[in-house]
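**Student:** The structure's right below; bear with me while I get my questions together.
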Amino acid sequence: MLVRHTHIFPRALGEIVNRYNVHELHVSLTGGLWRYDTWGYPVLDAAPGAEVWAWFKDDTLNVDKNWKELASSLSGLFCASLNFIEKANSVNPEFTFKPKGAFSSPTVNTTFVRYSSIPREIVCTENLTPWKKLLPCESKSGLASLLNSGYIHNTRYHSLALHMRPVCRDSSCEFTSLELQQSVSLVYDYLIMGTKNWSFRKLFGQGLMGRCPLADSSTIFVDTTSNTSVPFQLIPSPDDYVTSIRGGHVSTFAKYDVKPYAMSINSNFIGKENILLNSPPSLYANQYLTGIGRCRSSKHSMVRPCLPPHFKNRR
């Protein structure tokens with residue numbers, strides 16, 4: 001697939017995709033561990049450290065060779081230790097990591113997918129800078145202008161991700177286009193901030209420098225689900241409100257359309273600051289290793305339901 005529109009799609013990534021015959025690509029660099037039982041559902045799942053998985057096209061002759069060379073190229077692109085990924089520490093999943101984009105054949109051949117992770121990879125500023133350079137406006141304007149490395153890496157959890165997949169241009173899916181999604185997930189600690197009142201300046205050290213000129217639209221959503229029990233005021237007032245249902249949980253979001261000029265959003269809690277309770281997932285799974293060596297080691301998996309707080313206190 002020939003990558004065009006390089007004024008929007010990063011040319012460096014497009015050349016890598018073409019060279020190694022990549023059909024679909026997912027990369028994440030994460031610091032910290034997402035606490036499902038405390039924080040609820042993440043917007044995008046990501047494993048600790050570095051995680052890469054890719055689908056190659058059906059006409060790829062040597063998948064293992066392309067996979068290793070792809071990891072080495074991504075290592076240079078993101079300044080990460082992905083060059084340590086090779087056949088020995090990679091797997092070929094058969095029942096998981098299904099394609100998320102359009103697929104030409106009716107059946108999926110799992111011999112063309114590879115997955116690997118480096119759990120101890122440390123995510124730092126040298127990963128954030130090349131990630132921002134893949135954006136059309138880099139960090140000069142748009143939402144990426146908020147990404148201040150001094151504030152991001154002081155959070156309890158931070159994750160940079162890149163997801164590329166083919167999508168259908170119409171209902172017939174005769175032609176496809178490449179969709180590139182870049183995401184950043186952050187979890188702040190109220191104890192470090194000193195208060196639950198937040199603003200762009202408190203979270204990122206600066207305000208939003210306006211919308212990226214190349215963007216058709218730019219939107220900010222603020223979760224206001226708890227506003228009925230723990231009221232807070234958003235300044236300025238949102239442009240609209242939307243409702244989302246995920247995992248049986250209904251959420252309400254305040255919607256802001258990013259303007260071409262600089263802007264900021266503040267949140268001030270009304271009255272006494274109480275502790276917010278997130279809705280945990282229905283099931284919580286945990287897996288860990290015990291013992292020493294291959295002969296005396298074992299793997300334990302635990303799956304338990306997440307009960308509401310008033311059930312946990314019962315005996």
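The chains in the structure tokens are called A, B, ... from first to last as shown; in each chain the residues are counted from 1, and the ligands are counted from 1 in the order shown.
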Please extract the residues of stretch 63-267 of chain A with a backbone DSSP assignment of alpha helix (DSSP H) and present them as a ChimeraX atom specification.
**Tutor:** /A:63-78,125-133,149-152,190-193,200-204
**Student:** Near stretch 99-116 of chain A, within 6 Å and counting only C-alpha atoms, which residues show up once chain neighbours fewer than 3 positions away are dropped, as a PDB file with N, CA and C atoms, in the first residue's frame?
**Tutor:**
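Writing the result to around.pdb gives the following:
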```pdb
ATOM      1  N   VAL A  52       4.342  -4.441  21.310  1.00  0.00           N
ATOM      2  CA  VAL A  52       4.204  -4.312  19.855  1.00  0.00           C
ATOM      3  C   VAL A  52       3.512  -5.554  19.317  1.00  0.00           C
ATOM      4  N   TRP A  53       2.531  -5.350  18.471  1.00  0.00           N
ATOM      5  CA  TRP A  53       1.980  -6.468  17.712  1.00  0.00           C
ATOM      6  C   TRP A  53       1.547  -5.971  16.345  1.00  0.00           C
ATOM      7  N   ALA A  54       1.705  -6.838  15.364  1.00  0.00           N
ATOM      8  CA  ALA A  54       1.484  -6.427  13.978  1.00  0.00           C
ATOM      9  C   ALA A  54       0.946  -7.585  13.159  1.00  0.00           C
ATOM     10  N   TRP A  55       0.125  -7.224  12.181  1.00  0.00           N
ATOM     11  CA  TRP A  55      -0.335  -8.154  11.154  1.00  0.00           C
ATOM     12  C   TRP A  55       0.388  -7.810   9.854  1.00  0.00           C
ATOM     13  N   PHE A  56       0.909  -8.842   9.201  1.00  0.00           N
ATOM     14  CA  PHE A  56       1.576  -8.649   7.919  1.00  0.00           C
ATOM     15  C   PHE A  56       0.643  -9.094   6.789  1.00  0.00           C
ATOM     16  N   SER A  90       9.138 -13.584  20.894  1.00  0.00           N
ATOM     17  CA  SER A  90       7.890 -13.219  20.226  1.00  0.00           C
ATOM     18  C   SER A  90       6.973 -14.434  20.156  1.00  0.00           C
ATOM     19  N   VAL A  91       5.697 -14.176  20.036  1.00  0.00           N
ATOM     20  CA  VAL A  91       4.720 -15.255  19.937  1.00  0.00           C
ATOM     21  C   VAL A  91       3.849 -15.034  18.707  1.00  0.00           C
ATOM     22  N   ASN A  92       3.217 -16.119  18.300  1.00  0.00           N
ATOM     23  CA  ASN A  92       2.306 -16.097  17.157  1.00  0.00           C
ATOM     24  C   ASN A  92       0.900 -16.446  17.665  1.00  0.00           C
ATOM     25  N   GLU A  94      -2.935 -17.299  18.195  1.00  0.00           N
ATOM     26  CA  GLU A  94      -3.924 -17.927  17.323  1.00  0.00           C
ATOM     27  C   GLU A  94      -5.351 -17.496  17.644  1.00  0.00           C
ATOM     28  N   ARG A 165      -4.268   0.956  11.184  1.00  0.00           N
ATOM     29  CA  ARG A 165      -5.067  -0.119  10.602  1.00  0.00           C
ATOM     30  C   ARG A 165      -5.695   0.355   9.296  1.00  0.00           C
ATOM     31  N   PRO A 166      -6.034  -0.564   8.394  1.00  0.00           N
ATOM     32  CA  PRO A 166      -6.768  -0.184   7.180  1.00  0.00           C
ATOM     33  C   PRO A 166      -8.263  -0.109   7.469  1.00  0.00           C
ATOM     34  N   VAL A 167      -8.927   0.861   6.896  1.00  0.00           N
ATOM     35  CA  VAL A 167     -10.371   1.027   7.066  1.00  0.00           C
ATOM     36  C   VAL A 167     -11.020   1.149   5.692  1.00  0.00           C
TER      37      VAL A 167
END
```
**Student:** Smallest atom-to-atom distance to A:Asp223: which of A:Lys202, A:Val303, A:Asp45, A:Ser267, using only C-alpha atoms?
**Tutor:**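 For A:Asp223, the nearest of the candidates is A:Ser267.
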**Student:** Which residues, written as a ChimeraX atom specification, have at least one atom at most 9 Å from stretch 75-87 of chain A, with only C-alpha atoms counted and residues fewer than 2 positions away on the same chain left out?
**Tutor:** /A:12-13,29,50-52,64-65,67-73,89-91,116-118,121-123,126-131
**Student:** Put those residues in a file: N, CA and C atoms, as an mmCIF file, in the first residue's frame.
**Tutor:**
```
data_model
loop_
_atom_site.group_PDB
_atom_site.id
_atom_site.type_symbol
_atom_site.label_atom_id
_atom_site.label_comp_id
_atom_site.auth_asym_id
_atom_site.auth_seq_id
_atom_site.Cartn_x
_atom_site.Cartn_y
_atom_site.Cartn_z
ATOM 1 N N ALA A 12 7.881 8.994 7.797
ATOM 2 C CA ALA A 12 8.799 8.006 8.367
ATOM 3 C C ALA A 12 8.073 6.698 8.671
ATOM 4 N N LEU A 13 6.890 6.798 9.242
ATOM 5 C CA LEU A 13 6.115 5.597 9.536
ATOM 6 C C LEU A 13 5.606 4.947 8.256
ATOM 7 N N LEU A 29 3.939 2.358 24.665
ATOM 8 C CA LEU A 29 5.035 2.552 25.618
ATOM 9 C C LEU A 29 4.412 3.076 26.903
ATOM 10 N N ALA A 50 7.047 -1.779 27.023
ATOM 11 C CA ALA A 50 6.838 -1.666 25.578
ATOM 12 C C ALA A 50 6.062 -2.875 25.068
ATOM 13 N N GLU A 51 5.127 -2.624 24.180
ATOM 14 C CA GLU A 51 4.302 -3.688 23.607
ATOM 15 C C GLU A 51 4.121 -3.414 22.120
ATOM 16 N N VAL A 52 4.342 -4.441 21.310
ATOM 17 C CA VAL A 52 4.204 -4.312 19.855
ATOM 18 C C VAL A 52 3.512 -5.554 19.317
ATOM 19 N N ASP A 64 8.939 -13.809 10.006
ATOM 20 C CA ASP A 64 9.874 -13.626 11.122
ATOM 21 C C ASP A 64 10.961 -12.608 10.780
ATOM 22 N N LYS A 65 11.451 -12.636 9.562
ATOM 23 C CA LYS A 65 12.478 -11.679 9.143
ATOM 24 C C LYS A 65 11.902 -10.261 9.117
ATOM 25 N N TRP A 67 9.374 -9.197 10.763
ATOM 26 C CA TRP A 67 9.015 -8.822 12.134
ATOM 27 C C TRP A 67 10.231 -8.279 12.889
ATOM 28 N N LYS A 68 11.346 -8.947 12.775
ATOM 29 C CA LYS A 68 12.558 -8.490 13.459
ATOM 30 C C LYS A 68 13.034 -7.149 12.903
ATOM 31 N N GLU A 69 13.010 -7.007 11.586
ATOM 32 C CA GLU A 69 13.454 -5.755 10.981
ATOM 33 C C GLU A 69 12.463 -4.622 11.271
ATOM 34 N N LEU A 70 11.187 -4.951 11.354
ATOM 35 C CA LEU A 70 10.187 -3.949 11.723
ATOM 36 C C LEU A 70 10.445 -3.440 13.139
ATOM 37 N N ALA A 71 10.718 -4.349 14.065
ATOM 38 C CA ALA A 71 10.992 -3.947 15.446
ATOM 39 C C ALA A 71 12.234 -3.064 15.531
ATOM 40 N N SER A 72 13.249 -3.381 14.752
ATOM 41 C CA SER A 72 14.468 -2.570 14.760
ATOM 42 C C SER A 72 14.199 -1.170 14.210
ATOM 43 N N SER A 73 13.385 -1.077 13.177
ATOM 44 C CA SER A 73 13.051 0.234 12.615
ATOM 45 C C SER A 73 12.204 1.050 13.581
ATOM 46 N N ASN A 89 11.696 -14.148 21.649
ATOM 47 C CA ASN A 89 10.811 -13.537 22.645
ATOM 48 C C ASN A 89 9.523 -13.009 22.020
ATOM 49 N N SER A 90 9.138 -13.584 20.894
ATOM 50 C CA SER A 90 7.890 -13.219 20.226
ATOM 51 C C SER A 90 6.973 -14.434 20.156
ATOM 52 N N VAL A 91 5.697 -14.176 20.036
ATOM 53 C CA VAL A 91 4.720 -15.255 19.937
ATOM 54 C C VAL A 91 3.849 -15.034 18.707
ATOM 55 N N SER A 116 4.968 -9.169 20.783
ATOM 56 C CA SER A 116 6.067 -9.209 21.743
ATOM 57 C C SER A 116 5.939 -8.021 22.689
ATOM 58 N N SER A 117 6.532 -8.166 23.862
ATOM 59 C CA SER A 117 6.513 -7.081 24.845
ATOM 60 C C SER A 117 7.826 -7.073 25.615
ATOM 61 N N ILE A 118 8.184 -5.891 26.089
ATOM 62 C CA ILE A 118 9.364 -5.705 26.942
ATOM 63 C C ILE A 118 8.865 -5.031 28.217
ATOM 64 N N GLU A 121 10.815 -2.055 29.985
ATOM 65 C CA GLU A 121 11.200 -0.869 29.220
ATOM 66 C C GLU A 121 10.755 0.391 29.962
ATOM 67 N N ILE A 122 11.670 1.310 30.160
ATOM 68 C CA ILE A 122 11.387 2.555 30.875
ATOM 69 C C ILE A 122 10.988 3.628 29.860
ATOM 70 N N VAL A 123 9.839 4.238 30.086
ATOM 71 C CA VAL A 123 9.331 5.273 29.188
ATOM 72 C C VAL A 123 9.749 6.637 29.729
ATOM 73 N N GLU A 126 12.703 10.873 25.966
ATOM 74 C CA GLU A 126 13.220 10.565 24.636
ATOM 75 C C GLU A 126 12.228 9.755 23.808
ATOM 76 N N ASN A 127 11.203 9.175 24.445
ATOM 77 C CA ASN A 127 10.136 8.500 23.705
ATOM 78 C C ASN A 127 9.017 9.470 23.340
ATOM 79 N N LEU A 128 8.775 10.453 24.192
ATOM 80 C CA LEU A 128 7.695 11.408 23.952
ATOM 81 C C LEU A 128 7.994 12.314 22.761
ATOM 82 N N THR A 129 9.226 12.753 22.637
ATOM 83 C CA THR A 129 9.584 13.687 21.559
ATOM 84 C C THR A 129 9.353 13.097 20.171
ATOM 85 N N PRO A 130 9.849 11.895 19.851
ATOM 86 C CA PRO A 130 9.559 11.346 18.514
ATOM 87 C C PRO A 130 8.090 11.000 18.320
ATOM 88 N N TRP A 131 7.390 10.670 19.405
ATOM 89 C CA TRP A 131 5.954 10.391 19.293
ATOM 90 C C TRP A 131 5.204 11.651 18.866
#
```
**Student:** For atom CA of A:Arg201 and atom CA of A:Ser264, determine how far apart the two atoms are, in Å to one decimal place.
**Tutor:** 7.8 Å
**Student:** For a test of reading the model, state the distance in Å between atom CA of A:Asp58 and atom CA of A:Ser172, rounded to one decimal.
**Tutor:**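 Value for the atom CA of A:Asp58-atom CA of A:Ser172 distance: 20.7 Å.
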**Student:** If we count only C-alpha atoms, what is near A:Ala161 at a cut-off of 8 Å, once residues fewer than 4 positions away on the same chain are taken out, given as a PyMOL selection string?
**Tutor:** chain A and resi 26-29+182-184
**Student:** Suppose you want the space between atom CA of A:Ser251 and atom CA of A:Gly49; what is it in Å?
**Tutor:**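 About the pair atom CA of A:Ser251 and atom CA of A:Gly49: they are 29.5 Å apart.
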**Student:** If you run DSSP over the backbone, which residues in stretch 109-199 of chain A end up strand (DSSP E)? Put them as a ChimeraX atom specification.
**Tutor:** /A:113-118,157-168,176-187,198-199
